[in-house]
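What follows is final_5.pdb (PDB, C-alpha atoms, pLDDT in the B column).
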ATOM      1  CA  MET A  16      -7.997  -9.006  13.365  1.00 47.00           C
ATOM      2  CA  ASN A  17      -8.601 -11.592  10.675  1.00 50.00           C
ATOM      3  CA  THR A  18      -5.528 -13.180   9.116  1.00 50.00           C
ATOM      4  CA  GLY A  19      -7.470 -13.832   5.938  1.00 52.00           C
ATOM      5  CA  SER A  20      -6.177 -17.375   5.665  1.00 50.00           C
ATOM      6  CA  ASP A  21      -8.090 -20.253   4.169  1.00 51.00           C
ATOM      7  CA  GLU A  22      -5.730 -22.847   5.638  1.00 52.00           C
ATOM      8  CA  PRO A  23      -7.030 -25.154   8.367  1.00 48.00           C
ATOM      9  CA  GLY A  24      -5.540 -24.634  11.783  1.00 48.00           C
ATOM     10  CA  GLU A  25      -5.235 -20.864  11.388  1.00 48.00           C
ATOM     11  CA  VAL A  26      -6.671 -18.847  14.239  1.00 48.00           C
ATOM     12  CA  ALA A  27      -8.679 -15.687  13.704  1.00 48.00           C
ATOM     13  CA  VAL A  28      -8.536 -13.337  16.674  1.00 48.00           C
ATOM     14  CA  THR A  29     -11.922 -11.876  17.499  1.00 44.00           C
ATOM     15  CA  SER A  30     -12.805  -8.707  19.350  1.00 42.00           C
ATOM     16  CA  ASP A  31     -14.755 -10.471  22.091  1.00 43.00           C
ATOM     17  CA  GLU A  32     -13.543 -13.075  24.581  1.00 43.00           C
ATOM     18  CA  THR A  33     -14.705 -16.105  22.575  1.00 44.00           C
ATOM     19  CA  GLY A  34     -13.172 -17.867  19.627  1.00 44.00           C
ATOM     20  CA  PRO A  35     -14.842 -19.125  16.455  1.00 46.00           C
ATOM     21  CA  ALA A  36     -16.271 -22.248  18.168  1.00 47.00           C
ATOM     22  CA  GLY A  37     -17.648 -20.212  21.055  1.00 45.00           C
ATOM     23  CA  LYS A  38     -14.820 -21.293  23.351  1.00 45.00           C
ATOM     24  CA  PRO A  39     -12.991 -18.674  25.380  1.00 44.00           C
ATOM     25  CA  ASP A  40      -9.748 -17.480  23.795  1.00 44.00           C
ATOM     26  CA  GLU A  41      -7.790 -18.768  26.800  1.00 42.00           C
ATOM     27  CA  ALA A  42      -9.075 -22.310  26.287  1.00 41.00           C
ATOM     28  CA  ARG A  43      -8.510 -22.129  22.541  1.00 42.00           C
ATOM     29  CA  ALA A  44      -5.002 -20.681  22.863  1.00 43.00           C
ATOM     30  CA  GLY A  45      -3.961 -23.036  25.657  1.00 44.00           C
ATOM     31  CA  GLY A  46      -4.183 -20.606  28.539  1.00 45.00           C
ATOM     32  CA  PRO A  47      -3.866 -16.961  29.512  1.00 44.00           C
ATOM     33  CA  ASP A  48      -0.226 -16.829  28.396  1.00 43.00           C
ATOM     34  CA  GLY A  49      -1.088 -17.886  24.828  1.00 43.00           C
ATOM     35  CA  ALA A  50       0.716 -21.252  24.975  1.00 45.00           C
ATOM     36  CA  ASP A  51       0.197 -23.843  22.268  1.00 48.00           C
ATOM     37  CA  GLY A  52      -3.387 -24.906  22.106  1.00 48.00           C
ATOM     38  CA  PRO A  53      -4.843 -28.383  21.916  1.00 43.00           C
ATOM     39  CA  ASP A  54      -5.804 -27.697  18.293  1.00 49.00           C
ATOM     40  CA  GLY A  55      -2.120 -27.875  17.261  1.00 51.00           C
ATOM     41  CA  SER A  56      -2.132 -24.342  15.868  1.00 63.00           C
ATOM     42  CA  GLY A  57       1.456 -23.781  17.014  1.00 71.00           C
ATOM     43  CA  LEU A  58       0.623 -20.312  18.295  1.00 75.00           C
ATOM     44  CA  GLY A  59       1.925 -19.146  21.630  1.00 73.00           C
ATOM     45  CA  SER A  60       5.072 -19.024  23.680  1.00 75.00           C
ATOM     46  CA  LYS A  61       8.053 -21.150  22.698  1.00 73.00           C
ATOM     47  CA  ALA A  62       9.680 -20.597  26.085  1.00 72.00           C
ATOM     48  CA  PRO A  63      10.941 -23.662  27.966  1.00 73.00           C
ATOM     49  CA  GLU A  64       8.406 -25.305  30.262  1.00 78.00           C
ATOM     50  CA  PHE A  65      10.277 -24.369  33.451  1.00 75.00           C
ATOM     51  CA  VAL A  66      10.073 -20.705  32.393  1.00 74.00           C
ATOM     52  CA  LYS A  67       6.357 -20.901  31.549  1.00 75.00           C
ATOM     53  CA  ALA A  68       5.667 -22.598  34.898  1.00 78.00           C
ATOM     54  CA  ARG A  69       6.749 -19.517  36.874  1.00 78.00           C
ATOM     55  CA  ARG A  70       4.776 -16.364  36.141  1.00 82.00           C
ATOM     56  CA  MET A  71       7.469 -13.795  37.078  1.00 82.00           C
ATOM     57  CA  LEU A  72      10.160 -15.716  35.214  1.00 81.00           C
ATOM     58  CA  HIS A  73       7.928 -15.954  32.160  1.00 79.00           C
ATOM     59  CA  LEU A  74       7.140 -12.243  32.324  1.00 83.00           C
ATOM     60  CA  SER A  75      10.877 -11.497  32.561  1.00 84.00           C
ATOM     61  CA  TRP A  76      11.463 -13.838  29.629  1.00 81.00           C
ATOM     62  CA  GLN A  77       8.834 -11.981  27.574  1.00 84.00           C
ATOM     63  CA  VAL A  78      10.367  -8.603  28.426  1.00 88.00           C
ATOM     64  CA  GLY A  79      13.795  -9.912  27.390  1.00 88.00           C
ATOM     65  CA  VAL A  80      12.469 -11.305  24.098  1.00 87.00           C
ATOM     66  CA  PHE A  81      10.663  -8.043  23.420  1.00 90.00           C
ATOM     67  CA  VAL A  82      13.770  -5.927  24.111  1.00 93.00           C
ATOM     68  CA  VAL A  83      16.033  -8.114  21.946  1.00 92.00           C
ATOM     69  CA  GLY A  84      13.440  -8.172  19.136  1.00 90.00           C
ATOM     70  CA  LEU A  85      13.010  -4.413  19.397  1.00 91.00           C
ATOM     71  CA  ALA A  86      16.779  -3.872  19.155  1.00 93.00           C
ATOM     72  CA  VAL A  87      16.939  -6.031  16.026  1.00 92.00           C
ATOM     73  CA  VAL A  88      13.937  -4.287  14.433  1.00 90.00           C
ATOM     74  CA  VAL A  89      15.395  -0.840  15.216  1.00 93.00           C
ATOM     75  CA  ALA A  90      18.722  -1.922  13.685  1.00 91.00           C
ATOM     76  CA  GLY A  91      16.811  -3.024  10.576  1.00 90.00           C
ATOM     77  CA  VAL A  92      14.966   0.286  10.357  1.00 92.00           C
ATOM     78  CA  ILE A  93      18.290   2.115  10.629  1.00 91.00           C
ATOM     79  CA  MET A  94      19.645  -0.077   7.815  1.00 90.00           C
ATOM     80  CA  LEU A  95      16.811   0.866   5.466  1.00 88.00           C
ATOM     81  CA  PRO A  96      18.416   4.143   4.300  1.00 89.00           C
ATOM     82  CA  LEU A  97      21.950   2.933   5.081  1.00 87.00           C
ATOM     83  CA  PRO A  98      23.860   0.055   3.510  1.00 84.00           C
ATOM     84  CA  GLY A  99      22.735  -3.253   4.894  1.00 82.00           C
ATOM     85  CA  PRO A 100      19.952  -5.803   4.649  1.00 87.00           C
ATOM     86  CA  GLY A 101      17.293  -3.693   6.397  1.00 83.00           C
ATOM     87  CA  TRP A 102      14.177  -5.710   5.562  1.00 86.00           C
ATOM     88  CA  VAL A 103      15.880  -9.018   6.298  1.00 88.00           C
ATOM     89  CA  VAL A 104      16.925  -7.740   9.734  1.00 90.00           C
ATOM     90  CA  ILE A 105      13.424  -6.373  10.415  1.00 89.00           C
ATOM     91  CA  PHE A 106      11.888  -9.758   9.586  1.00 88.00           C
ATOM     92  CA  GLY A 107      14.534 -11.367  11.796  1.00 90.00           C
ATOM     93  CA  GLY A 108      13.365  -9.179  14.677  1.00 90.00           C
ATOM     94  CA  MET A 109       9.777 -10.162  13.934  1.00 88.00           C
ATOM     95  CA  ALA A 110      10.847 -13.824  14.060  1.00 89.00           C
ATOM     96  CA  ILE A 111      12.411 -13.211  17.475  1.00 89.00           C
ATOM     97  CA  TRP A 112       9.147 -11.661  18.682  1.00 89.00           C
ATOM     98  CA  ALA A 113       7.223 -14.580  17.135  1.00 87.00           C
ATOM     99  CA  THR A 114       8.954 -16.986  19.518  1.00 85.00           C
ATOM    100  CA  GLU A 115       6.934 -15.432  22.327  1.00 83.00           C
ATOM    101  CA  PHE A 116       4.016 -13.320  21.045  1.00 85.00           C
ATOM    102  CA  VAL A 117       0.975 -14.540  19.122  1.00 87.00           C
ATOM    103  CA  TRP A 118       0.497 -11.192  17.336  1.00 88.00           C
ATOM    104  CA  ALA A 119       4.002 -11.462  15.862  1.00 86.00           C
ATOM    105  CA  GLN A 120       3.331 -15.060  14.809  1.00 88.00           C
ATOM    106  CA  LEU A 121       0.196 -13.948  12.983  1.00 90.00           C
ATOM    107  CA  VAL A 122       2.011 -11.044  11.301  1.00 88.00           C
ATOM    108  CA  LEU A 123       4.824 -13.382  10.257  1.00 88.00           C
ATOM    109  CA  ARG A 124       2.350 -15.923   8.833  1.00 90.00           C
ATOM    110  CA  TRP A 125       0.592 -13.185   6.875  1.00 90.00           C
ATOM    111  CA  THR A 126       3.929 -11.857   5.584  1.00 87.00           C
ATOM    112  CA  LYS A 127       5.121 -15.305   4.539  1.00 88.00           C
ATOM    113  CA  ARG A 128       1.851 -15.906   2.703  1.00 92.00           C
ATOM    114  CA  LYS A 129       2.065 -12.579   0.874  1.00 90.00           C
ATOM    115  CA  VAL A 130       5.721 -13.137  -0.089  1.00 87.00           C
ATOM    116  CA  THR A 131       4.860 -16.588  -1.435  1.00 90.00           C
ATOM    117  CA  GLU A 132       1.960 -15.157  -3.443  1.00 90.00           C
ATOM    118  CA  ALA A 133       4.189 -12.416  -4.849  1.00 86.00           C
ATOM    119  CA  ALA A 134       6.891 -14.936  -5.785  1.00 86.00           C
ATOM    120  CA  GLN A 135       4.351 -17.127  -7.564  1.00 87.00           C
ATOM    121  CA  LYS A 136       2.945 -14.107  -9.366  1.00 83.00           C
ATOM    122  CA  ALA A 137       6.431 -12.951 -10.400  1.00 80.00           C
ATOM    123  CA  LEU A 138       7.129 -16.378 -11.900  1.00 84.00           C
ATOM    124  CA  ASP A 139       4.019 -16.172 -14.080  1.00 84.00           C
ATOM    125  CA  PRO A 140       5.254 -15.948 -17.721  1.00 87.00           C
ATOM    126  CA  ARG A 141       2.826 -13.151 -18.634  1.00 88.00           C
ATOM    127  CA  VAL A 142       3.957 -11.017 -15.684  1.00 84.00           C
ATOM    128  CA  ARG A 143       7.627 -11.687 -16.480  1.00 86.00           C
ATOM    129  CA  ARG A 144       7.117 -10.669 -20.146  1.00 90.00           C
ATOM    130  CA  ARG A 145       5.361  -7.479 -19.053  1.00 90.00           C
ATOM    131  CA  ASN A 146       8.130  -6.629 -16.568  1.00 88.00           C
ATOM    132  CA  ILE A 147      10.876  -7.279 -19.133  1.00 92.00           C
ATOM    133  CA  THR A 148       9.024  -5.153 -21.719  1.00 94.00           C
ATOM    134  CA  LEU A 149       8.557  -2.267 -19.282  1.00 95.00           C
ATOM    135  CA  THR A 150      12.210  -2.452 -18.225  1.00 96.00           C
ATOM    136  CA  ALA A 151      13.373  -2.389 -21.859  1.00 97.00           C
ATOM    137  CA  ILE A 152      11.139   0.615 -22.619  1.00 97.00           C
ATOM    138  CA  GLY A 153      12.473   2.418 -19.528  1.00 97.00           C
ATOM    139  CA  LEU A 154      16.080   1.743 -20.550  1.00 97.00           C
ATOM    140  CA  VAL A 155      15.436   3.054 -24.071  1.00 97.00           C
ATOM    141  CA  ILE A 156      13.893   6.244 -22.653  1.00 97.00           C
ATOM    142  CA  VAL A 157      16.868   6.769 -20.303  1.00 97.00           C
ATOM    143  CA  ALA A 158      19.330   6.124 -23.161  1.00 96.00           C
ATOM    144  CA  VAL A 159      17.541   8.676 -25.387  1.00 96.00           C
ATOM    145  CA  LEU A 160      17.552  11.289 -22.596  1.00 95.00           C
ATOM    146  CA  VAL A 161      21.265  10.710 -21.901  1.00 92.00           C
ATOM    147  CA  GLY A 162      21.992  10.956 -25.640  1.00 91.00           C
ATOM    148  CA  ILE A 163      20.110  14.276 -25.884  1.00 91.00           C
ATOM    149  CA  TYR A 164      21.952  15.647 -22.852  1.00 87.00           C
ATOM    150  CA  VAL A 165      25.371  14.590 -24.161  1.00 88.00           C
ATOM    151  CA  SER A 166      24.668  16.004 -27.646  1.00 88.00           C
ATOM    152  CA  LYS A 167      23.562  19.320 -26.170  1.00 85.00           C
ATOM    153  CA  PHE A 168      26.159  19.777 -23.410  1.00 79.00           C
ATOM    154  CA  GLY A 169      28.883  17.278 -24.281  1.00 79.00           C
ATOM    155  CA  VAL A 170      30.759  15.077 -21.863  1.00 80.00           C
ATOM    156  CA  VAL A 171      32.532  17.167 -19.251  1.00 71.00           C
ATOM    157  CA  MET A 172      34.174  15.499 -16.309  1.00 68.00           C
ATOM    158  CA  PRO A 173      33.330  17.123 -12.968  1.00 64.00           C
ATOM    159  CA  TRP A 174      36.983  17.885 -12.196  1.00 69.00           C
ATOM    160  CA  LYS A 175      37.292  19.852 -15.471  1.00 65.00           C
ATOM    161  CA  ILE A 176      34.347  22.149 -14.884  1.00 64.00           C
ATOM    162  CA  LYS A 177      35.507  25.734 -14.751  1.00 66.00           C
ATOM    163  CA  ASP A 178      34.264  28.060 -12.019  1.00 56.00           C
ATOM    164  CA  GLN A 179      31.181  29.841 -13.239  1.00 49.00           C
TER     165      GLN A 179
END
If you convert what's in this file into structure tokens, what do you get?
Amino acid sequence: MNTGSDEPGEVAVTSDETGPAGKPDEARAGGPDGADGPDGSGLGSKAPEFVKARRMLHLSWQVGVFVVGLAVVVAGVIMLPLPGPGWVVIFGGMAIWATEFVWAQLVLRWTKRKVTEAAQKALDPRVRRRNITLTAIGLVIVAVLVGIYVSKFGVVMPWKIKDQ
């Protein structure tokens, strides 16, 4: 998976066991558990050192982080059709996963980059003018359709509709 980033310090995960400099992924990522590497990439487990020092404790820690992150993501997915900040909660769950899993850190970096690009694009004056123009045209069309409906059928409140 390539993150598509041009920033230095970003890590591209390759399909084989070696990284971009020909070093094994374990050496590049700081070890088999994905801890912070010597390159300062910041990828890997954010667990306390005493947890990372014991394999079973670290595995339990990872399971706990995964379960909590999964619960938050599921709550966010449930909030998508229901009232609530669904996407914010989903990204919160991804941030919880990113404290422990490199794949979530890479997804979060990609998402942050795309959101920043979209925000910069939305602030472009030409894009803003186009969006305002399209919104105004849409509102005029809706107003015309509502006017046609009201002129044809009139305004009848739902509680005054006679049984048909």
Original post:
Could you work out how far atom CA of A:Val103 lies from atom CA of A:Ile147, giving the answer in Å with one decimal?
Top reply: 26.0 Å
Original post:
When you draw a straight line from atom CA of A:Ala86 to atom CA of A:Ser60, how long is it in Å?
Top reply: 19.7 Å
Subject >> Neighbour list for A:Gly101 as a PyMOL selection string, cut-off 8 Å, only C-alpha atoms, skip fewer than 3 positions in-chain >> reply: chain A and resi 90-95+104-105
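Taking all atoms listed in the file, the non-local environment of A:Phe116 within 10 Å (same-chain residues fewer than 3 positions away omitted) comprises Asp48, Gly49, Ala50, Leu58, Gly59, Ser60, Lys61, Gln77, Val80, Phe81, Met109, Ala110, Ile111, Trp112, Ala113, Ala119, Gln120 and Leu121 of chain A.
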Using all atoms of stretch 88-97 of chain A listed in the file and a margin of 5 Å per side, can you give the axis-aligned box centre and edge lengths in Å to one decimal, as lines of an AutoDock Vina configuration file?
center_x = 17.9
center_y = -0.1
center_z = 9.8
size_x = 18.0
size_y = 18.4
size_z = 20.9
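Closest approach to A:Glu115 from the set A:Arg143, A:Lys127, A:Lys136, A:Lys67 is made by A:Lys67, with distances taken over all atoms listed in the file.
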Original post:
What is the distance, in Å and to one decimal place, between atom CA of A:Leu74 and atom CA of A:Trp125?
Top reply: 26.3 Å
Please, could N, CA and C atoms be added to stretch 151-168 of chain A and the result written as a CSV table (one decimal), in the frame of the given file?
chain,number,residue,atom,x,y,z
A,151,ALA,N,12.7,-2.7,-20.6
A,151,ALA,CA,13.4,-2.4,-21.9
A,151,ALA,C,12.9,-1.0,-22.3
A,152,ILE,N,11.6,-0.7,-22.2
A,152,ILE,CA,11.1,0.6,-22.6
A,152,ILE,C,11.8,1.7,-21.7
A,153,GLY,N,11.8,1.4,-20.4
A,153,GLY,CA,12.5,2.4,-19.5
A,153,GLY,C,13.9,2.7,-19.9
A,154,LEU,N,14.7,1.6,-20.2
A,154,LEU,CA,16.1,1.7,-20.6
A,154,LEU,C,16.3,2.5,-21.8
A,155,VAL,N,15.4,2.3,-22.8
A,155,VAL,CA,15.4,3.1,-24.1
A,155,VAL,C,15.2,4.5,-23.8
A,156,ILE,N,14.2,4.8,-23.0
A,156,ILE,CA,13.9,6.2,-22.7
A,156,ILE,C,15.1,6.9,-22.0
A,157,VAL,N,15.7,6.2,-21.0
A,157,VAL,CA,16.9,6.8,-20.3
A,157,VAL,C,18.0,7.0,-21.3
A,158,ALA,N,18.2,6.0,-22.2
A,158,ALA,CA,19.3,6.1,-23.2
A,158,ALA,C,19.1,7.3,-24.1
A,159,VAL,N,17.9,7.5,-24.5
A,159,VAL,CA,17.5,8.7,-25.4
A,159,VAL,C,17.8,10.0,-24.6
A,160,LEU,N,17.3,10.1,-23.4
A,160,LEU,CA,17.6,11.3,-22.6
A,160,LEU,C,19.0,11.6,-22.4
A,161,VAL,N,19.8,10.5,-22.1
A,161,VAL,CA,21.3,10.7,-21.9
A,161,VAL,C,21.9,11.2,-23.2
A,162,GLY,N,21.5,10.6,-24.3
A,162,GLY,CA,22.0,11.0,-25.6
A,162,GLY,C,21.7,12.4,-25.9
A,163,ILE,N,20.5,12.9,-25.7
A,163,ILE,CA,20.1,14.3,-25.9
A,163,ILE,C,21.0,15.2,-25.0
A,164,TYR,N,21.1,14.8,-23.8
A,164,TYR,CA,22.0,15.6,-22.9
A,164,TYR,C,23.4,15.7,-23.3
A,165,VAL,N,24.0,14.6,-23.7
A,165,VAL,CA,25.4,14.6,-24.2
A,165,VAL,C,25.5,15.4,-25.5
A,166,SER,N,24.6,15.3,-26.4
A,166,SER,CA,24.7,16.0,-27.6
A,166,SER,C,24.5,17.5,-27.4
A,167,LYS,N,23.8,17.9,-26.4
A,167,LYS,CA,23.6,19.3,-26.2
A,167,LYS,C,24.7,19.9,-25.4
A,168,PHE,N,25.2,19.2,-24.3
A,168,PHE,CA,26.2,19.8,-23.4
A,168,PHE,C,27.5,19.1,-23.5
